[in-house]
Structure formats: structure tokens, C-alpha cells
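Okay, protein-v5.txt now, which holds compact mmCIF, C-alpha atoms:
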# COMPACT_ATOMS: atom_id res chain seq x y z
CA MET T 1371 -22.37 -6.96 14.22
CA THR T 1372 -19.12 -6.17 15.95
CA TRP T 1373 -15.35 -6.51 16.13
CA THR T 1374 -13.79 -8.15 19.18
CA PHE T 1375 -10.12 -7.47 19.90
CA THR T 1376 -7.78 -9.27 22.27
CA SER T 1377 -4.15 -9.99 23.04
CA ASP T 1378 -5.08 -13.57 23.99
CA LEU T 1379 -4.08 -16.01 21.24
CA ALA T 1380 -6.09 -18.86 22.75
CA ALA T 1381 -9.25 -16.74 22.76
CA TYR T 1382 -8.66 -15.77 19.12
CA LEU T 1383 -8.11 -19.37 18.05
CA ALA T 1384 -11.23 -20.52 19.89
CA ALA T 1385 -13.43 -17.79 18.40
CA ALA T 1386 -12.01 -17.21 14.93
CA GLY T 1387 -10.06 -20.41 14.31
CA PRO T 1388 -12.82 -22.34 12.51
CA ALA T 1389 -13.75 -19.43 10.22
CA VAL T 1390 -10.12 -18.76 9.34
CA ALA T 1391 -9.31 -22.44 8.79
CA ALA T 1392 -12.30 -22.80 6.47
CA ARG T 1393 -10.42 -20.76 3.83
CA PRO T 1394 -6.85 -22.12 3.99
CA VAL T 1395 -5.75 -20.59 0.69
CA SER T 1396 -6.82 -16.97 1.24
CA HIS T 1397 -5.95 -17.21 4.94
CA SER T 1398 -2.54 -18.82 4.53
CA ILE T 1399 -0.60 -16.04 6.28
CA LEU T 1400 -3.13 -15.77 9.12
CA LEU T 1401 -2.88 -19.51 9.70
CA THR T 1402 0.90 -19.80 9.60
CA THR T 1403 1.45 -16.67 11.70
CA ALA T 1404 -0.91 -17.89 14.42
CA ASP T 1405 0.74 -21.32 14.32
CA THR T 1406 4.18 -19.75 14.74
CA LEU T 1407 2.96 -17.74 17.73
CA ARG T 1408 1.40 -20.86 19.23
CA ARG T 1409 4.62 -22.84 18.84
CA GLY T 1410 7.16 -20.11 19.53
CA GLY T 1411 5.38 -17.89 22.05
CA PRO T 1412 3.97 -14.37 21.77
CA HIS T 1413 7.33 -12.81 20.89
CA ALA T 1414 8.22 -15.15 18.02
CA TYR T 1415 8.13 -12.14 15.65
CA GLY T 1416 9.72 -9.58 17.98
CA PRO T 1417 9.50 -8.00 21.44
CA ALA T 1418 6.13 -6.28 20.96
CA ASP T 1419 2.96 -8.09 22.01
CA PRO T 1420 0.75 -9.36 19.17
CA PHE T 1421 -2.99 -8.83 19.11
CA PHE T 1422 -5.96 -10.37 17.35
CA GLY T 1423 -9.51 -9.66 16.27
CA TRP T 1424 -12.60 -11.29 14.82
CA TRP T 1425 -15.80 -10.11 13.21
CA THR T 1426 -19.17 -11.40 14.38
CA GLY T 1427 -21.98 -10.91 11.88
CA ALA T 1428 -25.66 -10.18 12.43
CA ASP T 1429 -26.37 -13.92 12.62
CA GLY T 1430 -23.98 -14.29 15.56
CA ALA T 1431 -21.43 -16.27 13.53
CA VAL T 1432 -17.77 -15.29 13.28
CA SER T 1433 -16.98 -14.68 9.63
CA GLY T 1434 -13.48 -13.17 9.58
CA GLY T 1435 -10.34 -12.44 11.52
CA LEU T 1436 -7.19 -10.35 11.73
CA LEU T 1437 -3.95 -10.28 13.66
CA CYS T 1438 -0.93 -8.06 14.11
CA THR T 1439 2.66 -8.79 15.12
CA PRO T 1440 4.12 -5.29 15.58
CA PRO T 1441 5.98 -3.66 13.92
CA HIS T 1442 4.38 -5.47 10.98
CA PRO T 1443 1.16 -4.06 9.51
CA LEU T 1444 -2.27 -5.30 10.53
CA LEU T 1445 -2.98 -8.55 8.64
CA LEU T 1446 -6.58 -8.99 7.50
CA GLY T 1447 -8.28 -12.14 6.32
CA ALA T 1448 -11.17 -12.22 3.87
CA LEU T 1449 -13.86 -9.98 5.36
CA PRO T 1450 -17.44 -8.88 4.61
CA ALA T 1451 -17.75 -5.29 3.40
CA GLU T 1452 -19.44 -4.16 6.61
CA ALA T 1453 -16.52 -5.54 8.65
CA VAL T 1454 -14.04 -3.44 6.66
CA ARG T 1455 -16.08 -0.28 7.25
CA ALA T 1456 -16.37 -1.02 10.97
CA LEU T 1457 -12.65 -1.70 11.20
CA ALA T 1458 -11.87 1.75 9.77
CA ALA T 1459 -13.82 3.29 12.66
CA ALA T 1460 -12.14 0.99 15.18
CA LEU T 1461 -8.69 2.17 14.06
CA ASP T 1462 -9.49 5.49 15.73
CA THR T 1463 -11.19 4.16 18.87
CA GLU T 1464 -9.83 0.73 19.83
CA PRO T 1465 -6.81 0.97 22.22
CA LEU T 1466 -5.17 -2.20 20.87
CA LEU T 1467 -5.15 -0.63 17.38
CA ALA T 1468 -3.61 2.65 18.51
CA GLY T 1469 -0.16 1.86 17.14
CA VAL T 1470 -1.29 0.50 13.77
CA HIS T 1471 0.55 2.26 10.96
CA GLY T 1472 -0.72 0.17 8.05
CA PHE T 1473 -2.50 -2.97 6.93
CA ASN T 1474 -2.15 -5.90 4.56
CA ALA T 1475 -5.41 -6.99 2.92
CA ARG T 1476 -6.98 -8.29 -0.27
CA ARG T 1477 -6.92 -5.53 -2.86
CA PRO T 1478 -10.62 -4.52 -2.69
CA ASP T 1479 -10.56 -4.54 1.13
CA ALA T 1480 -7.33 -2.55 1.25
CA GLN T 1481 -8.77 0.07 -1.08
CA ALA T 1482 -12.00 0.34 0.93
CA LEU T 1483 -10.18 0.53 4.25
CA ALA T 1484 -7.76 3.16 2.96
CA GLU T 1485 -10.66 5.31 1.75
CA ALA T 1486 -12.51 4.97 5.06
CA TRP T 1487 -9.49 5.38 7.36
CA GLY T 1488 -9.56 9.16 7.15
CA GLN T 1489 -5.82 9.79 6.82
CA PRO T 1490 -3.31 9.97 3.96
CA THR T 1491 -1.98 6.59 2.88
CA ARG T 1492 0.36 5.12 0.31
CA VAL T 1493 0.75 1.66 -1.20
CA ALA T 1494 3.94 0.09 0.14
CA GLU T 1495 3.73 -3.25 -1.68
CA GLU T 1496 1.50 -5.28 -3.98
CA ASN T 1497 1.66 -9.07 -3.89
CA ARG T 1498 -0.05 -11.84 -5.81
CA LEU T 1499 -1.06 -15.11 -4.18
CA TYR T 1500 -0.53 -18.22 -6.32
CA ARG T 1501 -1.58 -21.82 -5.76
CA LEU T 1502 0.06 -24.81 -7.39
CA ALA T 1503 -2.34 -26.33 -9.91
CA GLY T 1504 0.06 -28.96 -11.27
CA LEU T 1505 3.81 -29.01 -10.73
CA VAL T 1506 5.89 -28.68 -13.92
CA ALA T 1507 9.63 -29.35 -13.96
CA PRO T 1508 11.88 -26.50 -15.13
CA ASP T 1509 12.72 -26.71 -18.82
CA PRO T 1510 15.59 -26.52 -19.47
CA ALA T 1511 16.66 -28.07 -16.17
CA PRO T 1512 19.28 -26.02 -14.33
CA ALA T 1513 22.71 -27.46 -13.62
CA GLY T 1514 23.09 -28.98 -10.17
CA ARG T 1515 20.74 -30.59 -7.68
CA ALA T 1516 18.63 -29.86 -4.62
CA ARG T 1517 19.47 -31.01 -1.13
CA LEU T 1518 17.98 -30.69 2.33
CA ALA T 1519 19.38 -27.86 4.45
CA ALA T 1520 20.89 -28.94 7.77
CA GLU T 1521 22.12 -27.34 10.98
CA GLY T 1522 25.57 -26.88 9.47
CA ASP T 1523 24.05 -24.56 6.86
CA LEU T 1524 22.70 -22.15 9.48
CA PRO T 1525 25.40 -19.43 9.04
CA LEU T 1526 24.76 -19.36 5.28
CA LEU T 1527 20.99 -19.35 5.78
CA LEU T 1528 21.20 -16.43 8.20
CA GLU T 1529 23.33 -14.49 5.71
CA TRP T 1530 21.06 -15.19 2.76
CA ILE T 1531 17.78 -14.52 4.60
CA ALA T 1532 19.22 -11.22 5.88
CA ALA T 1533 20.08 -10.31 2.28
CA PHE T 1534 16.59 -11.31 1.17
CA HIS T 1535 15.05 -9.13 3.90
CA GLU T 1536 17.16 -6.16 2.81
CA GLU T 1537 16.17 -6.55 -0.85
CA ALA T 1538 12.48 -7.13 -0.08
CA GLY T 1539 12.21 -4.44 2.60
CA VAL T 1540 11.09 -6.96 5.23
CA VAL T 1541 10.72 -5.35 8.67
CA GLY T 1542 12.44 -6.94 11.67
CA PRO T 1543 15.53 -9.08 12.29
CA VAL T 1544 16.16 -12.56 10.96
CA SER T 1545 15.02 -15.12 13.54
CA GLU T 1546 17.56 -17.88 14.11
CA ALA T 1547 14.96 -19.80 16.14
CA ARG T 1548 12.51 -19.82 13.25
CA LEU T 1549 15.22 -20.95 10.83
CA ARG T 1550 16.12 -23.78 13.19
CA ASP T 1551 12.45 -24.74 13.32
CA ARG T 1552 12.27 -24.88 9.53
CA ILE T 1553 15.36 -27.05 9.42
CA SER T 1554 13.80 -29.35 12.06
CA TYR T 1555 10.87 -30.32 9.82
CA GLY T 1556 12.82 -30.32 6.55
CA GLY T 1557 11.41 -27.00 5.39
CA ILE T 1558 14.46 -25.60 3.56
CA ARG T 1559 16.00 -26.79 0.30
CA LEU T 1560 19.33 -25.62 -1.11
CA TRP T 1561 20.29 -25.85 -4.77
CA GLU T 1562 23.92 -26.82 -5.28
CA HIS T 1563 26.10 -26.51 -8.36
CA ALA T 1564 29.50 -28.19 -8.28
CA GLY T 1565 28.93 -28.85 -4.58
CA ILE T 1566 28.39 -25.16 -3.73
CA PRO T 1567 25.02 -23.76 -2.57
CA VAL T 1568 23.69 -21.24 -5.11
CA SER T 1569 20.01 -20.79 -4.21
CA LEU T 1570 17.45 -21.61 -1.51
CA ALA T 1571 13.73 -22.10 -1.15
CA SER T 1572 11.81 -22.66 2.05
CA PHE T 1573 8.24 -23.66 2.88
CA SER T 1574 6.05 -23.18 5.91
CA ARG T 1575 5.01 -26.05 8.12
CA PRO T 1576 1.70 -27.32 6.67
CA VAL T 1577 -1.23 -25.90 8.64
CA GLY T 1578 -4.52 -27.59 7.85
CA SER T 1579 -4.23 -28.44 4.18
CA ALA T 1580 -1.80 -25.72 3.04
CA ALA T 1581 1.90 -24.90 3.02
CA ARG T 1582 3.44 -21.75 1.56
CA ILE T 1583 6.72 -21.49 -0.35
CA GLY T 1584 8.99 -18.65 0.69
CA PRO T 1585 11.38 -17.13 0.94
CA VAL T 1586 13.16 -17.99 -2.29
CA TYR T 1587 16.59 -16.38 -2.64
CA THR T 1588 19.50 -16.53 -5.07
CA PRO T 1589 22.58 -14.34 -4.52
CA PRO T 1590 22.91 -11.71 -7.29
CA ALA T 1591 26.04 -13.30 -8.78
CA GLU T 1592 24.19 -16.60 -9.32
CA ARG T 1593 21.00 -15.25 -10.91
CA GLY T 1594 19.87 -15.94 -14.45
CA ARG T 1595 20.91 -19.61 -14.43
CA GLY T 1596 17.57 -21.19 -13.49
CA TYR T 1597 18.61 -22.09 -9.94
CA ALA T 1598 15.56 -20.43 -8.36
CA ALA T 1599 13.24 -22.47 -10.58
CA GLY T 1600 15.07 -25.67 -9.70
CA VAL T 1601 15.03 -25.12 -5.95
CA THR T 1602 11.41 -23.89 -5.94
CA HIS T 1603 10.37 -27.03 -7.81
CA ALA T 1604 12.19 -29.13 -5.20
CA ALA T 1605 10.63 -27.23 -2.28
CA SER T 1606 7.17 -27.57 -3.84
CA GLU T 1607 7.60 -31.35 -4.08
CA ALA T 1608 8.79 -31.40 -0.48
CA ALA T 1609 5.77 -29.41 0.70
CA TYR T 1610 3.47 -32.01 -0.83
CA ALA T 1611 5.53 -34.78 0.77
CA ALA T 1612 5.20 -33.02 4.13
CA GLY T 1613 1.42 -33.36 3.96
CA ALA T 1614 0.16 -30.26 2.18
CA SER T 1615 -2.62 -30.65 -0.35
CA GLU T 1616 -2.43 -26.95 -1.26
CA VAL T 1617 0.97 -25.42 -2.04
CA LEU T 1618 0.97 -21.63 -2.22
CA LEU T 1619 3.33 -18.73 -2.65
CA PHE T 1620 3.31 -14.94 -2.84
CA THR T 1621 5.20 -12.83 -5.34
CA ASP T 1622 5.89 -9.12 -5.49
CA LEU T 1623 4.02 -7.79 -8.52
CA ALA T 1624 6.94 -5.43 -9.12
CA ASN T 1625 9.13 -8.45 -9.96
CA PRO T 1626 8.08 -9.86 -13.35
CA THR T 1627 10.94 -12.37 -13.36
CA SER T 1628 9.75 -14.28 -10.29
CA ASN T 1629 6.12 -14.14 -11.43
CA GLY T 1630 7.15 -15.69 -14.75
CA ILE T 1631 9.14 -18.44 -13.05
CA TYR T 1632 6.24 -19.53 -10.88
CA LEU T 1633 3.76 -19.52 -13.75
CA ARG T 1634 6.06 -21.83 -15.70
CA LEU T 1635 6.28 -24.19 -12.70
CA GLY T 1636 2.50 -24.58 -12.67
CA TYR T 1637 1.40 -21.95 -10.17
CA THR T 1638 -1.81 -20.06 -10.97
CA PRO T 1639 -2.99 -16.67 -9.62
CA VAL T 1640 -5.59 -16.61 -6.84
CA GLU T 1641 -5.84 -13.01 -5.59
CA ASP T 1642 -3.84 -9.84 -5.03
CA ARG T 1643 -3.00 -8.38 -1.65
CA VAL T 1644 -1.91 -4.82 -1.00
CA GLU T 1645 0.05 -3.38 1.90
CA VAL T 1646 -1.10 0.15 2.69
CA VAL T 1647 0.71 2.36 5.21
CA ALA T 1648 0.13 5.83 6.62
CA ALA T 1649 1.76 8.41 4.37

Show the structure stored in the file as C-alpha cells.
Amino acid sequence: MTWTFTSDLAAYLAAAGPAVAARPVSHSILLTTADTLRRGGPHAYGPADPFFGWWTGADGAVSGGLLCTPPHPLLLGALPAEAVRALAAALDTEPLLAGVHGFNARRPDAQALAEAWGQPTRVAEENRLYRLAGLVAPDPAPAGRARLAAEGDLPLLLEWIAAFHEEAGVVGPVSEARLRDRISYGGIRLWEHAGIPVSLASFSRPVGSAARIGPVYTPPAERGRGYAAGVTHAASEAAYAAGASEVLLFTDLANPTSNGIYLRLGYTPVEDRVEVVAA
């Protein structure tokens, strides 16, 4: 039983790809991040080199994976308990993990890894993964309509995503290239009222069977009018139309408003993930 670490995306996809793809709901972020790196190159998330890892069990089969796009925390998939314990030891010995300052994992794995890491930690964020069980239209319906975002909307999108990053504490700059990519496959919807954009929702390119909604953003002055529900409903429909059979999203558990919106639209909880960082 062992961890293998590499900076070679192709090697990671060859070794861990089937195991990761077998659980498209729990592994949504692993799948979309690797796909973005494959399409956009190793520096799609910033100037630092990404790295990858996979766990091989006693039977010789790969049963889990991880990746990291610094300065973001280490991103873990669903792992056996023995893999989590071994990873805690590797954090102190594996050169590729030397700069790791935190990790994002399912709640039980995050708790176990934090306890085994051997250094003070704190919880930076708690998120809940939802999957769409059956799409329900907002009731009452918000005023306005959804439309597809286009190249001409790019300045507004850059402004709004930067504001979303600031509110959510997202690390790293807004990527114009990634926004252009989302526009290219129809992955961004804007909600308009009286011809003026008032909210947005985006979805990831479907990878395997799943696409993930996010980000969803409404400027503060436009909140409380149901626009986020309207545009999320439209983006969810569009994700299905783009080929996804599973439509997912994450919410910050500290935001009861967004959690309530998604429940009313037909999303159901799957699991919680926790981001733990060195204190």
C-alpha cells in the first residue's frame, strides 16, 4: 500500500483516472480541475506547478487520488482510511508536498488528516455538496429573464467574478482565459431585468457524466429579489442540455440563504467537505 506522487498530469490520468472517474459526484472538483489543466496547460490556475498523487491498495488497485494547484490547498478525493493516515506521514517526507499549507477533503477525512498531521490547524471553510434530484422552477418567479453570456459581457464578468472572489475569500486572480472558455461552450448565464444584467450563474464543462454549477453571483444592491434562483435554474437546465446527467453545486455552510435557495430548486445534500489550513 503506497502513495505515488508526480508532477506529470498524463501519468496521473493514466494511473488514477479510472478510479476518480468512477465516482463523478464525489470527485467533481478533481475531475474538472484535471480537465482544466489538460485543456489549458499546467499553469491554468497560476504560475506554480501543479502536482498529483494516487493511492495503491494492498490488492495493487488504485483506489483514490489527489491533486494540488498551488497556492490552493491539497484537494483529496474519497480515500480509504489507511490512505489518509499514510498521507499525513507523507506531508512531512514527500518533497512535492513540502509547500502544502492545507487540504480540502470530505469531513471525516479532513478531521482524521488534521489529527494525524502533527501541527496546529484551523478550519478555513465548510462546504456542502449538492446534486440535483429534480429541477423545480422558482416560485414566485423573479422578474426578468435569463440569457447566454457572450464575449461582449467579458468586462462585466471579470468585475463580478472578482467581487465574488473577494466575498468568498477565493485565492488567486480571476482568469480571463477560463472565462473565455466558459463563454465558448455556453457555460455562463446572465439574469436580466429591464434589459440590465443583475445576476450570473456559471457551470463547468461536463466531464464524464457531471457538471457543476458555480460561481453564482448577484451584486449586493440586487439581492433579495430572487434573481439568483432564476439564473441558477437557467444554468441548471443548460448544464443538462450540455450533456450532463448529474448537475452538482457546492455551498458555503455559513450562508443559509444560498443553501435554502438550492434546496427549493431541487438540489439535495450529498456530503460535506472541509478546508483545513495550518494555524

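Taking atom CA of Ala1385 of chain T and atom CA of Pro1441 of chain T as endpoints, the distance between them is 24.4 Å.
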
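The shell of residues at most 12 Å from Ala1608 of chain T, with all atoms listed in the file counted and near chain neighbours (fewer than 4 positions) removed, consists of Leu1505, Ala1516, Arg1517, Leu1518, Tyr1555, Gly1556, Gly1557, Ile1558, Arg1559, Ala1571, Ser1572, Phe1573, Ser1574, Arg1575, Pro1576, Ala1581, Arg1582, Ile1583, Val1601, Thr1602, His1603, Ala1604, Ala1612, Gly1613, Ala1614, Ser1615 and Val1617 of chain T.
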
Pull C-alpha atoms from the residues just selected and write them as a short mmCIF file (atom, residue, chain, number, x, y, z; two decimals), in the coordinates of the input.
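And here is the file that came out, result.cif:
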data_model
loop_
_atom_site.label_atom_id
_atom_site.label_comp_id
_atom_site.auth_asym_id
_atom_site.auth_seq_id
_atom_site.Cartn_x
_atom_site.Cartn_y
_atom_site.Cartn_z
CA LEU T 1505 3.81 -29.01 -10.73
CA ALA T 1516 18.63 -29.86 -4.62
CA ARG T 1517 19.47 -31.01 -1.13
CA LEU T 1518 17.98 -30.69 2.33
CA TYR T 1555 10.87 -30.32 9.82
CA GLY T 1556 12.82 -30.32 6.55
CA GLY T 1557 11.41 -27.00 5.39
CA ILE T 1558 14.46 -25.60 3.56
CA ARG T 1559 16.00 -26.79 0.30
CA ALA T 1571 13.73 -22.10 -1.15
CA SER T 1572 11.81 -22.66 2.05
CA PHE T 1573 8.24 -23.66 2.88
CA SER T 1574 6.05 -23.18 5.91
CA ARG T 1575 5.01 -26.05 8.12
CA PRO T 1576 1.70 -27.32 6.67
CA ALA T 1581 1.90 -24.90 3.02
CA ARG T 1582 3.44 -21.75 1.56
CA ILE T 1583 6.72 -21.49 -0.35
CA VAL T 1601 15.03 -25.12 -5.95
CA THR T 1602 11.41 -23.89 -5.94
CA HIS T 1603 10.37 -27.03 -7.81
CA ALA T 1604 12.19 -29.13 -5.20
CA ALA T 1612 5.20 -33.02 4.13
CA GLY T 1613 1.42 -33.36 3.96
CA ALA T 1614 0.16 -30.26 2.18
CA SER T 1615 -2.62 -30.65 -0.35
CA VAL T 1617 0.97 -25.42 -2.04
#

Applying 6 Å and all atoms listed in the file, which residues near segment 1386-1397 of chain T remain after dropping the ones on its own chain fewer than 2 positions away? List them as an mmCIF file with C-alpha atoms, keeping the file's coordinate frame.
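Final output, saved to out19.cif:
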data_model
loop_
_atom_site.group_PDB
_atom_site.id
_atom_site.type_symbol
_atom_site.label_atom_id
_atom_site.label_comp_id
_atom_site.auth_asym_id
_atom_site.auth_seq_id
_atom_site.Cartn_x
_atom_site.Cartn_y
_atom_site.Cartn_z
ATOM 1 C CA TYR T 1382 -8.660 -15.770 19.120
ATOM 2 C CA LEU T 1383 -8.110 -19.370 18.050
ATOM 3 C CA ALA T 1384 -11.230 -20.520 19.890
ATOM 4 C CA ILE T 1399 -0.600 -16.040 6.280
ATOM 5 C CA LEU T 1400 -3.130 -15.770 9.120
ATOM 6 C CA TRP T 1424 -12.600 -11.290 14.820
ATOM 7 C CA SER T 1433 -16.980 -14.680 9.630
ATOM 8 C CA GLY T 1447 -8.280 -12.140 6.320
#

* To do: List every protein, DNA or RNA residue that has at least one atom no more than 12 Å from (-11.8, 1.0, 1.8) in the file's coordinates, counting all atoms listed in the file, and write the result as a VMD selection string.
  => chain T and resid 1449 to 1459 1473 1475 to 1489 1491 1644 1646

* To do: Can you pull out every residue within 10 Å of Ala1533 of chain T, counting all atoms listed in the file, but drop anything in the same chain fewer than 6 positions away, and send it as a list in words?
  =>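 Those residues are Leu1527, Gly1539, Val1544, Tyr1587, Thr1588 and Pro1589 of chain T.
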
* Would you kindly return, as a list in words, each protein, DNA or RNA residue with an atom no farther than 7 Å from any atom of segment 1420-1422 of chain T, considering only C-alpha atoms and excluding same-chain residues fewer than 5 positions away? => Phe1375, Thr1376, Ser1377, Tyr1382, Pro1412, Leu1436, Leu1437, Cys1438, Thr1439 and Pro1440 of chain T

* **Polymer residues at most 7 Å from Val1647 of chain T, only C-alpha atoms, same-chain spacing of 3 or more positions, as a VMD selection string** => chain T and resid 1471 to 1473 1491 to 1494

* To do: Would you list the residues near (12.4, -17.9, 16.4) (no more than 10 Å away, in the coordinates of the file, using only C-alpha atoms) as an NGL selection string?
  => :T and (1406-1407 or 1409-1411 or 1413-1416 or 1544-1552)

Suppose we keep C-alpha atoms; can you now write the selection as a CSV table (one decimal), keeping the file's coordinate frame?
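Wrote result-v7.csv, looks like this:
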chain,number,residue,atom,x,y,z
T,1406,THR,CA,4.2,-19.8,14.7
T,1407,LEU,CA,3.0,-17.7,17.7
T,1409,ARG,CA,4.6,-22.8,18.8
T,1410,GLY,CA,7.2,-20.1,19.5
T,1411,GLY,CA,5.4,-17.9,22.0
T,1413,HIS,CA,7.3,-12.8,20.9
T,1414,ALA,CA,8.2,-15.2,18.0
T,1415,TYR,CA,8.1,-12.1,15.6
T,1416,GLY,CA,9.7,-9.6,18.0
T,1544,VAL,CA,16.2,-12.6,11.0
T,1545,SER,CA,15.0,-15.1,13.5
T,1546,GLU,CA,17.6,-17.9,14.1
T,1547,ALA,CA,15.0,-19.8,16.1
T,1548,ARG,CA,12.5,-19.8,13.2
T,1549,LEU,CA,15.2,-21.0,10.8
T,1550,ARG,CA,16.1,-23.8,13.2
T,1551,ASP,CA,12.4,-24.7,13.3
T,1552,ARG,CA,12.3,-24.9,9.5

* Taking into account all atoms listed in the file, which residue in the set T:Gly1469, T:Glu1607, T:Thr1627, T:Leu1379 is nearest to Gly1504 of chain T? ->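 Result for the nearest residue to Gly1504 of chain T: T:Glu1607.
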
* Check the smallest atom-to-atom distance from each of T:Pro1585, T:Leu1401, T:Leu1619, T:Tyr1637 to Val1540 of chain T using only C-alpha atoms, then report the winner. =>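 Closest to Val1540 of chain T, using only C-alpha atoms: T:Pro1585.
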
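For the atom pair formed by atom CA of Ala1380 of chain T and atom CA of Pro1417 of chain T, the distance is 19.0 Å, given to one decimal.
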
* To do: Select, from T:Thr1621, T:Ser1579, T:Thr1402, T:Thr1463, the residue with the minimum atom-to-atom distance to Ala1538 of chain T, counting only C-alpha atoms.
  =>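 Closest to Ala1538 of chain T, using only C-alpha atoms: T:Thr1621.
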